Protein chains: 2
Amino acid sequence: MSSTNPIVGVFDSGFGGLTVLRALLPRISAAHYIYLGDTARLPYGAKSQQTIARYAVESARFLEARGCDYLVIACNTATALALDDIRASVNIPVLGVIEPGAQSAAEATGLNSEVLVLATTATVQSHAYDTACAARGLRVTEAACPLLVPLVEEGWIDHPVTREVLRIYLSEALQNCSPEAVLLGCTHYPLIAKAIAQTLEDLGSEATVIDSAEATAAAASFALTSPRHPSEAFIPATFECFATDSVEKFQRLGSLFLQQPISQVQLLDLGG
Amino acid sequence: MSSTNPIVGVFDSGFGGLTVLRALLPRISAAHYIYLGDTARLPYGAKSQQTIARYAVESARFLEARGCDYLVIACNTATALALDDIRASVNIPVLGVIEPGAQSAAEATGLNSEVLVLATTATVQSHAYDTACAARGLRVTEAACPLLVPLVEEGWIDHPVTREVLRIYLSEALQNCSPEAVLLGCTHYPLIAKAIAQTLEDLGSEATVIDSAEATAAAASFALTSPRHPSEAFIPATFECFATDSVEKFQRLGSLFLQQPISQVQLLDLGG
């Protein structure tokens, strides 16, 4: 790994991982980022472990072959179901989103605190957050929220239907727990973090909302600016994007997640 | 093609095409059906033409290789974007859902009638229904309804959120047209046909709801029981199912669409 200008690969099934890239850009500026969205095969959230692992490994190998020194799996589902497979298939360090998210929840609460994790069906079924949080002495309730990704992708960010769906999901979850923190276990959810916080308040919960995208960027920053890779004088970060499906859609929808324009996206055929 | 016991391939990106299989089973009983759901790569509705065509052609070739005499593309998106590619890649007759749906709309209304087509984003962007309906002298408005598939897959069939989403989509669409028929241009939508009809009534529309799954089954029945393939004495239809992702999920969710238990699903790797 170059100590001066690392190349950081950021992988997600689609656009959501751009919320992690957005958090990374200002934190590790002296870096070049290569973002890959496997948009031809999204969403991963409802697929099986075998299928998700196969897809994620193909993408990780592509990013390593493009010269990445460090890999961020900016996809909760791929982290939950395929992190070991990805680590076994490449020769660079790999960071997932779940350990940083769980660590952030532990720091924000305390031993034996209750945490509610909101995620896709596949992430919940893996119980990866449960394992990572339990290892930090937290008690966890996991709630699958399959409609939130389509609602965000419809652009219904501040919308009565989204608030009503959140009210249904959260009121059901709060029947089973009284969390001190709510962990956003899907990279789409930061876009509706305000609505989630408001709904929790409306339902009488005082839980803190924790964004695993921010937590992951902090963990990557720590790894990449350690003594082995001292931070340099400010050099603006650069990034390039690859997608396995429509580059026009990636530019349009991706800009919403990254909160800045995406000038160019390269189409990639992973043969799937 | 055997005249006595045709093998009919039915293809969809996921489970929705089972509404077409459900309509086929009683119509062409002396047949064996092979259903393939490309569940590892669903949904097709938001993907590009090139990607959809590549996926659909792989599935069509698989079904031909399994011995199918006749192929039904029970997927609106694949029909809209890949029917010509599929027909060019196999040597058996191929029926899509769009021409039968448009024909059914024409028969239910009359020349120069207005028809509203509800479909996925990709189907709407293809304007395949517009072309097929215009060729029959109908005037068409197409409305993309991207949240309806996730709502059906969440099982929110008779649910206030689904009714509210329908109210939003349909009231917006009815600002631009006064249709005599509403064509369900997605194989998931028959499951919420009642809610669609009720919402139309609530909004003051007298439009007839037309199900392209039923229309397609009728067209296939006509082709397969023509003089060349006379109908036989009643023999119960048999079927088998293949899926490219989790067979458990296919059995569980698929039974909802087929409205009968699915005892066995075979996992298929299309290499994607």
# chains A, B, ... in the order shown; residues from 1 in each chain; ligands from 1
$ interface_residues --of "chain A" --to "chain B" --cutoff "8 Å" --atoms "only C-alpha atoms" --output "number ranges by chain"
A: 39-43, 47-48, 51, 146-147, 150-151, 154, 161, 164-165, 245-246, 271-272
$ select_by_dssp --residues "range 27-125 of chain A" --states "strand (DSSP E)" --output "PyMOL selection string"
chain A and resi 32-37+70-73+94-95+114-119
$ closest_residue --among "B:Ala60, B:Ala207, B:Val265, B:Ala143" --to "Gln125 in chain B" --atoms "only C-alpha atoms"
B:Ala143
$ residues_around --residues "Val140 in chain B" --least-positions-apart "4" --cutoff "9 Å" --atoms "only C-alpha atoms" --output "PyMOL selection string"
chain B and resi 113-117+129-131+133-134+177+179
$ decode --residues "range 163-183 of chain A" --atoms "N, CA and C atoms" --output "PDB file, in the first residue's frame"
ATOM      1  N   ARG A 163     -43.265   8.170   6.237  1.00  0.00           N
ATOM      2  CA  ARG A 163     -43.462   8.338   7.691  1.00  0.00           C
ATOM      3  C   ARG A 163     -44.432   7.286   8.237  1.00  0.00           C
ATOM      4  N   GLU A 164     -45.468   6.973   7.465  1.00  0.00           N
ATOM      5  CA  GLU A 164     -46.440   5.974   7.915  1.00  0.00           C
ATOM      6  C   GLU A 164     -45.795   4.574   7.954  1.00  0.00           C
ATOM      7  N   VAL A 165     -45.004   4.257   6.938  1.00  0.00           N
ATOM      8  CA  VAL A 165     -44.309   2.957   6.927  1.00  0.00           C
ATOM      9  C   VAL A 165     -43.340   2.886   8.115  1.00  0.00           C
ATOM     10  N   LEU A 166     -42.609   3.978   8.378  1.00  0.00           N
ATOM     11  CA  LEU A 166     -41.712   4.015   9.537  1.00  0.00           C
ATOM     12  C   LEU A 166     -42.494   3.833  10.842  1.00  0.00           C
ATOM     13  N   ARG A 167     -43.655   4.486  10.930  1.00  0.00           N
ATOM     14  CA  ARG A 167     -44.467   4.359  12.140  1.00  0.00           C
ATOM     15  C   ARG A 167     -44.865   2.895  12.358  1.00  0.00           C
ATOM     16  N   ILE A 168     -45.236   2.214  11.267  1.00  0.00           N
ATOM     17  CA  ILE A 168     -45.637   0.801  11.379  1.00  0.00           C
ATOM     18  C   ILE A 168     -44.441  -0.062  11.800  1.00  0.00           C
ATOM     19  N   TYR A 169     -43.325   0.076  11.094  1.00  0.00           N
ATOM     20  CA  TYR A 169     -42.140  -0.735  11.420  1.00  0.00           C
ATOM     21  C   TYR A 169     -41.640  -0.456  12.841  1.00  0.00           C
ATOM     22  N   LEU A 170     -41.528   0.835  13.194  1.00  0.00           N
ATOM     23  CA  LEU A 170     -40.922   1.187  14.486  1.00  0.00           C
ATOM     24  C   LEU A 170     -41.854   0.886  15.651  1.00  0.00           C
ATOM     25  N   SER A 171     -43.158   1.117  15.474  1.00  0.00           N
ATOM     26  CA  SER A 171     -44.049   0.836  16.610  1.00  0.00           C
ATOM     27  C   SER A 171     -44.083  -0.670  16.869  1.00  0.00           C
ATOM     28  N   GLU A 172     -44.003  -1.463  15.807  1.00  0.00           N
ATOM     29  CA  GLU A 172     -43.953  -2.919  16.006  1.00  0.00           C
ATOM     30  C   GLU A 172     -42.651  -3.303  16.728  1.00  0.00           C
ATOM     31  N   ALA A 173     -41.527  -2.717  16.303  1.00  0.00           N
ATOM     32  CA  ALA A 173     -40.235  -3.039  16.920  1.00  0.00           C
ATOM     33  C   ALA A 173     -40.195  -2.603  18.388  1.00  0.00           C
ATOM     34  N   LEU A 174     -40.781  -1.445  18.672  1.00  0.00           N
ATOM     35  CA  LEU A 174     -40.717  -0.910  20.042  1.00  0.00           C
ATOM     36  C   LEU A 174     -41.621  -1.682  21.011  1.00  0.00           C
ATOM     37  N   GLN A 175     -42.462  -2.546  20.466  1.00  0.00           N
ATOM     38  CA  GLN A 175     -43.224  -3.429  21.362  1.00  0.00           C
ATOM     39  C   GLN A 175     -42.307  -4.460  22.019  1.00  0.00           C
ATOM     40  N   ASN A 176     -41.173  -4.728  21.381  1.00  0.00           N
ATOM     41  CA  ASN A 176     -40.268  -5.779  21.862  1.00  0.00           C
ATOM     42  C   ASN A 176     -39.022  -5.245  22.557  1.00  0.00           C
ATOM     43  N   CYS A 177     -38.816  -3.918  22.564  1.00  0.00           N
ATOM     44  CA  CYS A 177     -37.587  -3.388  23.167  1.00  0.00           C
ATOM     45  C   CYS A 177     -37.749  -1.899  23.494  1.00  0.00           C
ATOM     46  N   SER A 178     -36.868  -1.398  24.334  1.00  0.00           N
ATOM     47  CA  SER A 178     -36.816   0.039  24.653  1.00  0.00           C
ATOM     48  C   SER A 178     -35.378   0.489  24.430  1.00  0.00           C
ATOM     49  N   PRO A 179     -35.018   0.686  23.177  1.00  0.00           N
ATOM     50  CA  PRO A 179     -33.603   0.884  22.846  1.00  0.00           C
ATOM     51  C   PRO A 179     -33.066   2.254  23.264  1.00  0.00           C
ATOM     52  N   GLU A 180     -31.765   2.264  23.618  1.00  0.00           N
ATOM     53  CA  GLU A 180     -31.076   3.539  23.833  1.00  0.00           C
ATOM     54  C   GLU A 180     -30.478   4.047  22.526  1.00  0.00           C
ATOM     55  N   ALA A 181     -30.253   3.124  21.586  1.00  0.00           N
ATOM     56  CA  ALA A 181     -29.742   3.527  20.273  1.00  0.00           C
ATOM     57  C   ALA A 181     -30.460   2.742  19.183  1.00  0.00           C
ATOM     58  N   VAL A 182     -30.661   3.406  18.040  1.00  0.00           N
ATOM     59  CA  VAL A 182     -31.193   2.739  16.852  1.00  0.00           C
ATOM     60  C   VAL A 182     -30.109   2.808  15.784  1.00  0.00           C
ATOM     61  N   LEU A 183     -29.669   1.643  15.356  1.00  0.00           N
ATOM     62  CA  LEU A 183     -28.548   1.553  14.421  1.00  0.00           C
ATOM     63  C   LEU A 183     -29.095   1.380  13.008  1.00  0.00           C
TER      64      LEU A 183
END
